[in-house]
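Here's the structure we're looking at; comments come further down.
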Amino acid sequence: MVDPELLAILVCPETKQPLRLADDALLTRVNAAAEAGTLRNRAGEPVSERIDEGLVREDGRYLYAVRDEIPIMLIDEAIPLDTLP
């Protein structure tokens, strides 16, 4: 889990908006899309790896995956949420 002190200072690298932890319902939708082969990151690359934790931009448009307790804060790696079913 992301350290609360780290979460308090992390912001979107693109817009500088605050981030919040993704809830279980959102992660379920993201992982269902990954399993179906329809999930892509901003660079257009397929995302097939299960995401157990993620950070959502304040406006709710993008999710940054957290892998091994490390937030992946690369703009091209962000997952657009407006394409989820």
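All residue names refer to the structure tokens as shown: chains lettered A, B, ... in order, residues numbered from 1 in each chain, ligands numbered from 1 in order.
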(request) Find the spatial neighbours of range 27-31 of chain A, counting only C-alpha atoms, within a cut-off of 12 Å - ignore same-chain residues fewer than 4 positions away - and output them as a PyMOL selection string. (result) chain A and resi 21-23+35-41+47-56+62-66+79-85
(message) Just checking: using only C-alpha atoms, which residue out of A:Cys12, A:Leu19, A:Glu69, A:Glu77 ends up closest to Pro46 in chain A?
(response)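 Nearest candidate to Pro46 in chain A out of A:Cys12, A:Leu19, A:Glu69, A:Glu77: A:Glu77.
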